[in-house]
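Chemist: Questions regarding the structure given below will be posed in turn.
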Amino acid sequence: MKLAVYGYTEYGIRILYKLLEKKDVDQVIFVDNNVSKIGTKTDNIGVVSLYSFLRMYQQKEILKIIIPDYSLSTIRSMKNDLRKNGVKAEDVLIVETKSFIEKLEGLVKFSDYKCYKVPFVQYLSFEASEKCNLNCKRCDHFSNLIDNDNQESADEFTHDLELLSSKIERIGTFSFLGGEPLLNTDLYKLIYVVKSYYPDTQIIVLTNGLLLKQISTELVQAIKETQTIVRMTLYPPMKDKIDDIVQFMRNKEIKFELSKAVDEFWTQLNIEGNSDSHKMLNKCVNSDCFVLKKGKLAKCPITMNISIFNNYFRTEIPQDVLDLSDDSITPEVIHEYLYNPIKTCAYCGREKYYEWERTSGKVKVEEMLCADKIV
């Protein structure tokens, strides 16, 4: 058996040498597009370009490629490169390095490695609140199009995590989004739930900052105990408040990050559904921003929340999500779904940019649409 590891890195090296210990592994190569690495060798192990790998894959000289737990953007880029060049989902294995090596330790053959769950997802989000107190126009979670906040209770969220943990083994980062997550007064309970199922996962609370100085003692304690990071998106109304908020968070000894200023929003919906879904996925910045909600798993926030858009504008864009309670949703099905385009991808298109503003009055459908289809 001949295998490849994507990335001549410390993670890749550790995995490669462990693979070479297996009796049925004849050869392992590194795949890397860094020109300073291509053509080099370590212990007679070569580093080849992506295009050399693709040629070997097409000729069935290499059967599978392994992607370690790199950053979200790196994994997204690697998946795009493989997918658009014809590498099948079943031949791509995305792993968390430490746990993957631990599993290989007890195996004589690599072929004995079985995925009873999806081994690793780098990023997953959950909308702790559907409503938002900032009410951005053209929000791609469609929080400005709903009247009632349909929050999940801590018990419902626990059920979600029970389902999720039966299907996905490890998660790199779990983000609480909205809407505005600080509107959920049970957020501190939800943070503890995540840590009970995924103790090694980094938790992030992504907020607009309006309520940060009002957070409860329970939430402060949960954030500090779980090493949660609070990440604030800097929208125009908060620019003159940021110094005060930074000092407040410092006094609370909370890990705090600040995004770059957001002065514009873009829209990308194509209600005609006639974009090339493969090309759309390859250029989509949200392609690996997976979402959990009410026992369902979605490829991106738009897919998860498209029913809100449909209800508001009386459209019929498909909501292509997975029901985690369905026994037919196996690890293989989830991996295929997260790797390949879905029906909803055809309903996005080329971004159209607008200056950031709050929603005022009734939203018109044309204000939410893309500049053009992707073909």
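Numbering starts fresh at 1 for the residues of each chain in the structure tokens, the chains themselves are lettered A, B, ... in the order given, and ligands are numbered from 1 as they appear.
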For Tyr11 of chain A, find every residue with an atom within 10 Å (counting only C-alpha atoms), except residues of its own chain fewer than 2 positions away, and show them as a short mmCIF file (atom, residue, chain, number, x, y, z; two decimals) with N, CA and C atoms, in the first residue's frame.
Modeler:
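Result written to result19.cif:
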data_model
loop_
_atom_site.label_atom_id
_atom_site.label_comp_id
_atom_site.auth_asym_id
_atom_site.auth_seq_id
_atom_site.Cartn_x
_atom_site.Cartn_y
_atom_site.Cartn_z
N VAL A 5 1.10 11.97 2.62
CA VAL A 5 0.77 12.90 3.70
C VAL A 5 0.89 14.31 3.14
N TYR A 6 -0.17 15.10 3.29
CA TYR A 6 -0.19 16.47 2.74
C TYR A 6 0.52 17.40 3.73
N GLY A 7 1.65 17.95 3.29
CA GLY A 7 2.38 18.91 4.10
C GLY A 7 3.64 18.33 4.72
N TYR A 8 4.81 18.83 4.29
CA TYR A 8 6.08 18.42 4.88
C TYR A 8 6.30 19.29 6.11
N THR A 9 5.65 18.91 7.20
CA THR A 9 5.64 19.67 8.44
C THR A 9 5.94 18.73 9.60
N ILE A 13 5.48 14.76 9.40
CA ILE A 13 6.62 13.86 9.64
C ILE A 13 6.27 12.82 10.69
N ARG A 14 5.62 13.24 11.76
CA ARG A 14 5.26 12.30 12.82
C ARG A 14 4.32 11.22 12.30
N ILE A 15 3.34 11.63 11.50
CA ILE A 15 2.40 10.67 10.94
C ILE A 15 3.10 9.73 9.95
N LEU A 16 3.93 10.30 9.10
CA LEU A 16 4.58 9.50 8.07
C LEU A 16 5.42 8.37 8.67
N ILE A 67 -4.47 14.27 5.67
CA ILE A 67 -4.29 15.69 6.03
C ILE A 67 -4.30 15.80 7.55
N PRO A 68 -3.19 16.24 8.17
CA PRO A 68 -3.17 16.45 9.62
C PRO A 68 -4.01 17.66 10.03
N ASP A 69 -4.03 17.92 11.33
CA ASP A 69 -4.88 18.99 11.88
C ASP A 69 -4.21 20.35 11.75
N TYR A 70 -4.16 20.84 10.51
CA TYR A 70 -3.67 22.19 10.27
C TYR A 70 -4.78 23.20 10.58
N GLU A 96 -6.68 14.25 13.51
CA GLU A 96 -6.00 14.96 14.58
C GLU A 96 -4.74 14.16 14.89
N THR A 97 -3.59 14.78 14.75
CA THR A 97 -2.32 14.06 14.72
C THR A 97 -2.10 13.16 15.92
N LYS A 98 -2.25 13.69 17.11
CA LYS A 98 -1.95 12.93 18.32
C LYS A 98 -2.81 11.69 18.44
#
Chemist: Would you list the contacts of Lys239 of chain A as a tab-separated table (two decimals) with C-alpha atoms, in the first residue's frame, taking every protein, DNA or RNA residue within 12 Å and counting only C-alpha atoms, but skipping same-chain residues closer than 5 positions in sequence?
Modeler:
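And here is the file that came out, around_13.tsv:
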chain	number	residue	atom	x	y	z
A	208	ASN	CA	-20.48	41.94	18.59
A	209	GLY	CA	-19.48	43.21	22.05
A	210	LEU	CA	-22.61	45.19	22.93
A	232	MET	CA	-15.23	40.38	19.26
A	233	THR	CA	-16.07	41.46	15.72
A	234	LEU	CA	-15.44	45.19	15.44
A	244	ASP	CA	-13.18	50.48	27.49
A	245	ILE	CA	-14.14	46.89	26.60
A	246	VAL	CA	-10.52	45.76	26.30
A	258	LEU	CA	-10.43	41.48	18.42
A	259	SER	CA	-11.17	41.03	14.74
A	260	LYS	CA	-10.29	43.56	12.11
A	261	ALA	CA	-12.87	46.29	11.57
A	262	VAL	CA	-15.94	45.28	9.56
A	263	ASP	CA	-17.08	48.19	7.40
Chemist: For Thr173 of chain A, find every residue with an atom within 7 Å (counting only C-alpha atoms), except residues of its own chain fewer than 5 positions away, and show them as a tab-separated table (two decimals) with N, CA and C atoms, in the first residue's frame.
Modeler:
chain	number	residue	atom	x	y	z
A	122	GLN	N	-12.13	20.30	11.97
A	122	GLN	CA	-11.35	21.42	12.50
A	122	GLN	C	-12.23	22.49	13.13
A	123	TYR	N	-13.43	22.72	12.58
A	123	TYR	CA	-14.26	23.83	13.06
A	123	TYR	C	-15.73	23.46	13.02
A	124	LEU	N	-16.43	23.80	14.09
A	124	LEU	CA	-17.88	23.62	14.14
A	124	LEU	C	-18.47	24.76	14.96
A	201	THR	N	-11.22	20.42	23.00
A	201	THR	CA	-11.64	21.39	21.99
A	201	THR	C	-11.48	22.82	22.49
A	202	GLN	N	-10.99	23.69	21.61
A	202	GLN	CA	-10.92	25.12	21.92
A	202	GLN	C	-12.29	25.74	21.67
A	203	ILE	N	-12.85	26.39	22.69
A	203	ILE	CA	-14.15	27.05	22.57
A	203	ILE	C	-13.94	28.54	22.33
Chemist: Could you pull out the strand (DSSP E or B) residues of segment 11-153 of chain A from DSSP and send them as a list in words?
Modeler: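 Reading the DSSP output for segment 11-153 of chain A, strand (DSSP E or B) covers Gln27, Val28, Ile29, Phe30, Val31, Lys41, Thr42, Ile45, Gly46, Val47, Val48, Lys64, Ile65, Ile66, Ile67, Val92, Leu93, Ile94, Val118, Pro119, Phe120, Val121, Gln122, Tyr123, Leu124, Ser125, Phe126, Glu127 and Cys136 of chain A.
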Chemist: Which of segment 72-281 of chain A counts as alpha helix (DSSP H) under DSSP, as a PyMOL selection string please?
Modeler: chain A and resi 72-83+97-105+154-167+187-197+217-225+242-251+277-281
